[in-house]
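Coordinates as given in upload-v1.txt (compact mmCIF, C-alpha atoms):
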```txt
# COMPACT_ATOMS: atom_id res chain seq x y z
CA ILE R 1356 -12.32 -20.78 5.38
CA LEU R 1357 -12.27 -17.07 4.55
CA ASN R 1358 -13.03 -16.22 0.94
CA VAL R 1359 -10.78 -13.51 -0.46
CA GLU R 1360 -11.22 -12.93 -4.17
CA GLN R 1361 -9.19 -10.75 -6.49
CA SER R 1362 -10.01 -9.67 -10.00
CA PRO R 1363 -8.94 -9.65 -12.66
CA GLN R 1364 -6.53 -12.57 -12.45
CA SER R 1365 -4.18 -10.85 -14.89
CA LEU R 1366 -3.96 -7.59 -16.71
CA HIS R 1367 -1.86 -6.30 -19.58
CA VAL R 1368 -1.69 -2.53 -20.04
CA GLN R 1369 0.40 -0.07 -22.00
CA GLU R 1370 2.84 2.28 -20.34
CA GLY R 1371 1.00 5.40 -19.26
CA ASP R 1372 -2.37 3.69 -18.81
CA SER R 1373 -4.14 3.92 -15.50
CA THR R 1374 -5.56 0.74 -14.08
CA ASN R 1375 -7.36 -0.66 -11.09
CA PHE R 1376 -8.11 -4.01 -9.53
CA THR R 1377 -10.49 -5.35 -6.93
CA CYS R 1378 -10.23 -7.34 -3.74
CA SER R 1379 -13.42 -8.80 -2.23
CA PHE R 1380 -13.58 -10.12 1.30
CA PRO R 1381 -16.16 -11.07 3.96
CA SER R 1382 -18.08 -8.02 5.14
CA SER R 1383 -18.41 -9.28 8.70
CA ASN R 1384 -15.85 -9.35 11.53
CA PHE R 1385 -13.43 -7.07 9.70
CA TYR R 1386 -10.08 -6.26 11.31
CA ALA R 1387 -7.76 -5.09 8.52
CA LEU R 1388 -7.01 -5.32 4.83
CA HIS R 1389 -3.46 -5.31 3.48
CA TRP R 1390 -2.17 -4.75 -0.06
CA TYR R 1391 1.17 -6.23 -1.14
CA ARG R 1392 3.29 -6.02 -4.23
CA TRP R 1393 5.11 -9.18 -5.27
CA GLU R 1394 7.79 -8.99 -7.92
CA THR R 1395 9.08 -12.12 -9.61
CA ALA R 1396 11.86 -13.88 -7.66
CA LYS R 1397 11.30 -11.61 -4.66
CA SER R 1398 9.14 -11.66 -1.54
CA PRO R 1399 5.83 -9.83 -1.12
CA GLU R 1400 6.25 -6.29 0.19
CA ALA R 1401 3.48 -4.33 1.85
CA LEU R 1402 1.94 -1.33 0.14
CA PHE R 1403 -0.90 -0.43 2.48
CA VAL R 1404 -2.52 -1.42 5.76
CA MET R 1405 -6.16 -0.36 5.80
CA THR R 1406 -8.32 -0.55 8.88
CA LEU R 1407 -11.25 1.88 8.69
CA ASN R 1408 -14.25 1.92 6.38
CA GLY R 1409 -13.73 4.69 3.86
CA ASP R 1410 -9.93 4.63 4.26
CA GLU R 1411 -7.99 5.98 1.32
CA LYS R 1412 -4.26 5.49 1.17
CA LYS R 1413 -1.74 6.77 -1.36
CA LYS R 1414 1.90 6.08 -2.13
CA GLY R 1415 3.18 7.88 -5.20
CA ARG R 1416 1.10 6.76 -8.19
CA ILE R 1417 -0.58 3.94 -6.28
CA SER R 1418 -3.65 4.42 -4.14
CA ALA R 1419 -6.25 2.22 -2.46
CA THR R 1420 -9.74 2.57 -1.08
CA LEU R 1421 -11.65 0.45 1.39
CA ASN R 1422 -15.34 -0.37 1.87
CA THR R 1423 -15.75 -2.71 4.82
CA LYS R 1424 -19.56 -2.62 4.79
CA GLU R 1425 -19.76 -4.16 1.34
CA GLY R 1426 -16.48 -6.05 1.57
CA TYR R 1427 -14.25 -4.67 -1.16
CA SER R 1428 -11.09 -2.68 -1.73
CA TYR R 1429 -9.75 -1.14 -4.92
CA LEU R 1430 -6.12 -0.61 -5.84
CA TYR R 1431 -5.42 2.08 -8.42
CA ILE R 1432 -2.23 2.70 -10.39
CA LYS R 1433 -2.03 5.98 -12.25
CA GLY R 1434 0.18 6.23 -15.33
CA SER R 1435 1.50 2.66 -15.19
CA GLN R 1436 5.21 2.15 -15.76
CA PRO R 1437 7.00 -1.09 -16.76
CA GLU R 1438 8.49 -1.25 -13.26
CA ASP R 1439 4.95 -1.56 -11.87
CA SER R 1440 4.80 -5.04 -13.40
CA ALA R 1441 4.23 -7.42 -10.50
CA THR R 1442 1.57 -9.47 -8.79
CA TYR R 1443 -0.60 -7.44 -6.44
CA LEU R 1444 -1.98 -9.33 -3.45
CA CYS R 1445 -4.58 -8.37 -0.93
CA ALA R 1446 -4.81 -10.02 2.48
CA PHE R 1447 -7.86 -9.95 4.73
CA LEU R 1448 -7.58 -10.15 8.50
CA SER R 1449 -10.70 -11.06 10.45
CA GLY R 1450 -11.39 -10.07 14.02
CA GLY R 1451 -11.39 -13.75 14.89
CA SER R 1452 -7.99 -14.99 13.82
CA TYR R 1453 -6.04 -11.81 12.86
CA ILE R 1454 -4.11 -13.95 10.37
CA PRO R 1455 -3.50 -12.51 6.86
CA THR R 1456 -5.53 -14.61 4.41
CA PHE R 1457 -4.37 -13.88 0.91
CA GLY R 1458 -6.25 -13.65 -2.35
CA ARG R 1459 -4.77 -15.24 -5.46
CA GLY R 1460 -3.47 -11.92 -6.71
CA THR R 1461 -3.70 -9.84 -9.85
CA SER R 1462 -0.74 -10.18 -12.19
CA LEU R 1463 -0.04 -6.83 -13.87
CA ILE R 1464 2.19 -6.53 -16.93
CA VAL R 1465 2.94 -3.06 -18.22
CA HIS R 1466 4.20 -2.98 -21.79
CA PRO R 1467 6.62 -0.19 -22.82
CA ASP Y 103 20.19 -6.02 8.45
CA THR Y 104 17.74 -8.53 7.05
CA ALA Y 105 14.41 -8.19 8.83
CA VAL Y 106 13.11 -11.74 8.25
CA SER Y 107 15.66 -14.31 7.20
CA GLN Y 108 15.07 -17.86 6.13
CA THR Y 109 17.64 -20.57 5.58
CA PRO Y 110 18.31 -22.31 3.36
CA LYS Y 111 17.16 -20.50 0.22
CA TYR Y 112 17.22 -23.74 -1.79
CA LEU Y 113 16.81 -27.26 -0.50
CA VAL Y 114 16.96 -30.36 -2.67
CA THR Y 115 16.40 -33.64 -0.91
CA GLN Y 116 15.26 -37.17 -1.48
CA MET Y 117 11.87 -38.61 -0.65
CA GLY Y 118 11.65 -39.96 2.85
CA ASN Y 119 14.22 -37.59 4.33
CA ASP Y 120 13.59 -35.25 7.25
CA LYS Y 121 14.53 -31.60 6.82
CA SER Y 122 14.19 -28.26 8.61
CA ILE Y 123 13.82 -24.70 7.41
CA LYS Y 124 14.83 -21.95 9.82
CA CYS Y 125 13.31 -18.51 10.18
CA GLU Y 126 14.39 -15.58 12.28
CA GLN Y 127 13.05 -12.03 12.56
CA ASN Y 128 14.79 -9.07 14.16
CA LEU Y 129 11.81 -6.71 14.06
CA GLY Y 130 10.53 -7.37 17.57
CA HIS Y 131 7.28 -8.74 16.15
CA ASP Y 132 5.02 -10.90 18.29
CA THR Y 133 3.62 -13.13 15.56
CA MET Y 134 5.26 -15.36 12.99
CA TYR Y 135 3.79 -17.38 10.12
CA TRP Y 136 4.59 -20.10 7.63
CA TYR Y 137 2.97 -19.90 4.20
CA LYS Y 138 3.20 -22.39 1.35
CA GLN Y 139 3.19 -21.03 -2.20
CA ASP Y 140 1.45 -23.37 -4.59
CA SER Y 141 2.16 -23.80 -8.30
CA LYS Y 142 -0.10 -20.85 -9.13
CA LYS Y 143 1.70 -18.54 -6.72
CA PHE Y 144 -1.12 -18.71 -4.12
CA LEU Y 145 0.06 -18.16 -0.54
CA LYS Y 146 -1.69 -20.58 1.81
CA ILE Y 147 -1.29 -20.19 5.56
CA MET Y 148 0.13 -23.24 7.29
CA PHE Y 149 0.92 -22.14 10.83
CA SER Y 150 0.93 -19.03 12.96
CA TYR Y 151 2.58 -18.45 16.32
CA ASN Y 152 1.92 -15.53 18.63
CA ASN Y 153 4.44 -15.03 21.42
CA LYS Y 154 5.67 -18.62 20.96
CA GLU Y 155 2.15 -20.05 21.20
CA LEU Y 156 0.47 -21.78 18.26
CA ILE Y 157 -2.63 -19.81 17.26
CA ILE Y 158 -3.47 -21.39 13.96
CA ASN Y 159 -2.72 -24.71 12.39
CA GLU Y 160 -4.40 -25.13 9.05
CA THR Y 161 -4.96 -28.54 7.61
CA VAL Y 162 -1.45 -29.66 6.88
CA PRO Y 163 -0.08 -33.20 7.22
CA ASN Y 164 1.23 -33.90 10.70
CA ARG Y 165 4.61 -34.58 9.07
CA PHE Y 166 4.97 -30.78 9.24
CA SER Y 167 5.84 -29.54 12.72
CA PRO Y 168 6.59 -25.92 13.58
CA LYS Y 169 8.86 -25.11 16.49
CA SER Y 170 9.19 -21.71 18.12
CA PRO Y 171 12.02 -21.61 20.66
CA ASP Y 172 11.44 -17.89 21.24
CA LYS Y 173 9.47 -14.98 19.75
CA ALA Y 174 12.14 -14.28 17.15
CA HIS Y 175 12.31 -17.77 15.66
CA LEU Y 176 9.85 -20.10 13.97
CA ASN Y 177 11.37 -23.17 12.38
CA LEU Y 178 9.58 -25.67 10.17
CA HIS Y 179 10.48 -29.32 10.42
CA ILE Y 180 9.22 -31.77 7.82
CA ASN Y 181 9.38 -35.54 8.32
CA SER Y 182 9.27 -38.22 5.64
CA LEU Y 183 9.32 -35.79 2.73
CA GLU Y 184 7.08 -36.55 -0.24
CA LEU Y 185 7.23 -35.39 -3.86
CA GLY Y 186 4.11 -33.28 -3.27
CA ASP Y 187 5.90 -31.25 -0.60
CA SER Y 188 7.94 -29.55 -3.32
CA ALA Y 189 7.04 -25.87 -3.18
CA VAL Y 190 8.29 -22.49 -2.03
CA TYR Y 191 7.79 -21.91 1.69
CA PHE Y 192 7.65 -18.37 3.05
CA CYS Y 193 8.16 -17.28 6.61
CA ALA Y 194 6.65 -13.96 7.68
CA SER Y 195 6.20 -11.91 10.81
CA SER Y 196 4.02 -9.05 12.01
CA HIS Y 197 3.03 -7.25 15.17
CA LEU Y 198 -0.59 -8.14 15.87
CA THR Y 199 -0.92 -5.68 18.73
CA TYR Y 200 -0.02 -2.75 16.51
CA ASN Y 201 -1.71 -4.18 13.39
CA THR Y 202 1.38 -3.96 11.21
CA GLU Y 203 1.77 -5.46 7.81
CA ALA Y 204 3.51 -8.80 7.39
CA PHE Y 205 7.19 -8.83 6.50
CA PHE Y 206 8.32 -11.82 4.47
CA GLY Y 207 11.49 -13.82 4.31
CA GLN Y 208 13.10 -14.55 0.96
CA GLY Y 209 11.41 -17.94 0.63
CA THR Y 210 12.83 -21.45 0.60
CA ARG Y 211 12.44 -23.46 -2.57
CA LEU Y 212 12.11 -27.10 -1.51
CA THR Y 213 12.53 -29.75 -4.18
CA VAL Y 214 11.89 -33.36 -3.27
CA VAL Y 215 13.31 -35.88 -5.74
```

Transcribe the structure of this file into C-alpha cells.
Amino acid sequence: ILNVEQSPQSLHVQEGDSTNFTCSFPSSNFYALHWYRWETAKSPEALFVMTLNGDEKKKGRISATLNTKEGYSYLYIKGSQPEDSATYLCAFLSGGSYIPTFGRGTSLIVHP
Amino acid sequence: DTAVSQTPKYLVTQMGNDKSIKCEQNLGHDTMYWYKQDSKKFLKIMFSYNNKELIINETVPNRFSPKSPDKAHLNLHINSLELGDSAVYFCASSHLTYNTEAFFGQGTRLTVV
C-alpha cells in the first residue's frame, strides 16, 4: 500500500493571504505526481501533472514544486480568494502500477 | 460533450438488490478506474482497467465486479448490496502512455436502505 500524506488536513485563511500545503510520497519508483482541485458537489479536476525532479508548474496564482528524491511536493496559492476554497488532492503514481493513489487532501477555506 | 459520464447520478436501493453503475469516456483514453469516496472524502482505488484488461483490483468484496466491454466503457456491477456499500463512487480515465491526468465523472451517490 502506497503511503501518500497531505498536510495540513484543513486550513482557514483570510482573503489575500498566501498559503501552501504539502504532499509526501514514497521516494522510490517515482513515475508522476498529480495535483487536483475538488470543489464541493463537483468532481476532482487536475491542476498539474509533474514528472521530473525539480519541476515547477504554475497556473495563474497557483504553483507547485516537486522533489522526487526526498518525496514531497508543495502547492502554493498566492493572494487567496474565496473562490479558491476547495479540497486540494495530490495523487502519486509509482513506476510499478501507474495508478493514481490519492492523499486525503487539504481542505482550504478562504474567508472574505 | 461530457468527457467522462457516469449514470445514474443518484441510486437508492434496498439491501440485497443487485445494481450497476455505468461509465463511459469519449477522450480516447486507454485506462479507466473506479474509486470509492469514503465518509471523509478519501478516494480509494477499487479497480483499474487498461485497454479492457484488469490491471489492479484492490481488496474489495467479490460482490463488486467491473466489466469493460471496450476501452471506452467500464461498468461496475454490485451484487447483494449491503448498508456499508453506501458511498459516492467515481469513475475516471487517463492515458497511461502519455501520462495524462485523470478525468473524473460526476460521481454516483449510492444509498442502500

Would you list the residues near (0.9, -20.1, 16.1), meaning any protein, DNA or RNA residue with an atom at most 12 Å from that point in file coordinates, counting all atoms listed in the file, as a PyMOL selection string?
(chain R and resi 1452-1454) or (chain Y and resi 132-136+147-160+167-170+172-173+175-178+194-195)

Identify all chain R residues at most 10 Å from chain Y by counting only C-alpha atoms; ligands do not count. Present them as a PyMOL selection string.
chain R and resi 1356+1386-1391+1396-1406+1442+1444+1446+1448+1452-1460

One number please: atom CA of Asp187 of chain Y to atom CA of Pro171 of chain Y, in Å, one decimal.
24.1 Å

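Interatomic distance, atom CA of Lys1412 of chain R against atom CA of Thr1461 of chain R: 18.9 Å.
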
For Cys1445 of chain R, the closest of R:Ser1373, R:Asn1384, R:Ser1379, R:Gln1364 counting only C-alpha atoms is R:Ser1379

Contacts of Arg165 of chain Y at 12 Å (all atoms listed in the file; same-chain gap of 5+ positions) as a ChimeraX atom specification
/Y:118-122,178-184,187

Using all atoms of segment 1427-1434 of chain R that appear in the file, construct an axis-aligned enclosing box with 8 Å of padding on every side and provide its centre coordinates and edge lengths in Å, rounded to one decimal, as lines of an AutoDock Vina configuration file.
```
center_x = -7.0
center_y = 0.8
center_z = -8.2
size_x = 30.4
size_y = 26.9
size_z = 30.2
```

Would you mind listing what lies within 8 Å of Leu113 of chain Y as a short mmCIF file (atom, residue, chain, number, x, y, z; two decimals) with C-alpha atoms, keeping the file's coordinate frame, with all atoms listed in the file counted and same-chain residues fewer than 5 positions away left out?
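Output (out.cif):
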```cif
data_model
loop_
_atom_site.label_atom_id
_atom_site.label_comp_id
_atom_site.auth_asym_id
_atom_site.auth_seq_id
_atom_site.Cartn_x
_atom_site.Cartn_y
_atom_site.Cartn_z
CA THR Y 210 12.83 -21.45 0.60
CA ARG Y 211 12.44 -23.46 -2.57
CA LEU Y 212 12.11 -27.10 -1.51
CA THR Y 213 12.53 -29.75 -4.18
#
```

Any chance you could turn segment 129-149 of chain Y into a file with N, CA and C atoms, as a PDB file, in the first residue's frame?
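Output contents, as saved in selection09.pdb:
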```pdb
ATOM      1  N   LEU Y 129     -12.705  10.362 -24.442  1.00  0.00           N
ATOM      2  CA  LEU Y 129     -11.420  11.045 -24.562  1.00  0.00           C
ATOM      3  C   LEU Y 129     -10.365  10.213 -25.283  1.00  0.00           C
ATOM      4  N   GLY Y 130     -10.703   8.989 -25.641  1.00  0.00           N
ATOM      5  CA  GLY Y 130      -9.724   8.110 -26.279  1.00  0.00           C
ATOM      6  C   GLY Y 130      -8.672   7.591 -25.311  1.00  0.00           C
ATOM      7  N   HIS Y 131      -8.963   7.647 -24.020  1.00  0.00           N
ATOM      8  CA  HIS Y 131      -8.009   7.170 -23.015  1.00  0.00           C
ATOM      9  C   HIS Y 131      -7.915   5.650 -23.026  1.00  0.00           C
ATOM     10  N   ASP Y 132      -6.754   5.153 -22.547  1.00  0.00           N
ATOM     11  CA  ASP Y 132      -6.555   3.705 -22.549  1.00  0.00           C
ATOM     12  C   ASP Y 132      -6.788   3.066 -21.185  1.00  0.00           C
ATOM     13  N   THR Y 133      -7.011   3.875 -20.170  1.00  0.00           N
ATOM     14  CA  THR Y 133      -7.145   3.343 -18.819  1.00  0.00           C
ATOM     15  C   THR Y 133      -8.346   3.967 -18.123  1.00  0.00           C
ATOM     16  N   MET Y 134      -9.084   3.129 -17.436  1.00  0.00           N
ATOM     17  CA  MET Y 134     -10.247   3.601 -16.682  1.00  0.00           C
ATOM     18  C   MET Y 134     -10.197   3.056 -15.261  1.00  0.00           C
ATOM     19  N   TYR Y 135     -10.803   3.798 -14.334  1.00  0.00           N
ATOM     20  CA  TYR Y 135     -10.717   3.469 -12.907  1.00  0.00           C
ATOM     21  C   TYR Y 135     -12.089   3.591 -12.245  1.00  0.00           C
ATOM     22  N   TRP Y 136     -12.239   2.857 -11.149  1.00  0.00           N
ATOM     23  CA  TRP Y 136     -13.324   3.105 -10.208  1.00  0.00           C
ATOM     24  C   TRP Y 136     -12.709   3.424  -8.853  1.00  0.00           C
ATOM     25  N   TYR Y 137     -13.176   4.549  -8.290  1.00  0.00           N
ATOM     26  CA  TYR Y 137     -12.776   4.957  -6.943  1.00  0.00           C
ATOM     27  C   TYR Y 137     -14.015   5.010  -6.062  1.00  0.00           C
ATOM     28  N   LYS Y 138     -13.817   4.710  -4.780  1.00  0.00           N
ATOM     29  CA  LYS Y 138     -14.885   4.854  -3.792  1.00  0.00           C
ATOM     30  C   LYS Y 138     -14.500   5.994  -2.853  1.00  0.00           C
ATOM     31  N   GLN Y 139     -15.414   6.937  -2.670  1.00  0.00           N
ATOM     32  CA  GLN Y 139     -15.173   8.042  -1.746  1.00  0.00           C
ATOM     33  C   GLN Y 139     -15.756   7.661  -0.394  1.00  0.00           C
ATOM     34  N   ASP Y 140     -14.904   7.674   0.626  1.00  0.00           N
ATOM     35  CA  ASP Y 140     -15.436   7.317   1.945  1.00  0.00           C
ATOM     36  C   ASP Y 140     -16.041   8.549   2.624  1.00  0.00           C
ATOM     37  N   SER Y 141     -16.478   8.349   3.858  1.00  0.00           N
ATOM     38  CA  SER Y 141     -17.212   9.405   4.572  1.00  0.00           C
ATOM     39  C   SER Y 141     -16.345  10.642   4.809  1.00  0.00           C
ATOM     40  N   LYS Y 142     -15.039  10.485   4.766  1.00  0.00           N
ATOM     41  CA  LYS Y 142     -14.140  11.623   4.966  1.00  0.00           C
ATOM     42  C   LYS Y 142     -13.587  12.137   3.648  1.00  0.00           C
ATOM     43  N   LYS Y 143     -14.254  11.823   2.586  1.00  0.00           N
ATOM     44  CA  LYS Y 143     -13.934  12.325   1.246  1.00  0.00           C
ATOM     45  C   LYS Y 143     -12.651  11.703   0.680  1.00  0.00           C
ATOM     46  N   PHE Y 144     -12.154  10.611   1.258  1.00  0.00           N
ATOM     47  CA  PHE Y 144     -10.956   9.964   0.746  1.00  0.00           C
ATOM     48  C   PHE Y 144     -11.309   9.113  -0.460  1.00  0.00           C
ATOM     49  N   LEU Y 145     -10.530   9.262  -1.545  1.00  0.00           N
ATOM     50  CA  LEU Y 145     -10.751   8.478  -2.757  1.00  0.00           C
ATOM     51  C   LEU Y 145      -9.880   7.230  -2.719  1.00  0.00           C
ATOM     52  N   LYS Y 146     -10.538   6.066  -2.654  1.00  0.00           N
ATOM     53  CA  LYS Y 146      -9.797   4.804  -2.582  1.00  0.00           C
ATOM     54  C   LYS Y 146      -9.990   4.044  -3.886  1.00  0.00           C
ATOM     55  N   ILE Y 147      -8.890   3.648  -4.504  1.00  0.00           N
ATOM     56  CA  ILE Y 147      -8.967   2.918  -5.760  1.00  0.00           C
ATOM     57  C   ILE Y 147      -9.615   1.559  -5.526  1.00  0.00           C
ATOM     58  N   MET Y 148     -10.525   1.202  -6.438  1.00  0.00           N
ATOM     59  CA  MET Y 148     -11.138  -0.121  -6.375  1.00  0.00           C
ATOM     60  C   MET Y 148     -10.600  -0.998  -7.505  1.00  0.00           C
ATOM     61  N   PHE Y 149     -10.754  -0.496  -8.723  1.00  0.00           N
ATOM     62  CA  PHE Y 149     -10.351  -1.252  -9.901  1.00  0.00           C
ATOM     63  C   PHE Y 149      -9.715  -0.316 -10.919  1.00  0.00           C
TER      64      PHE Y 149
END
```
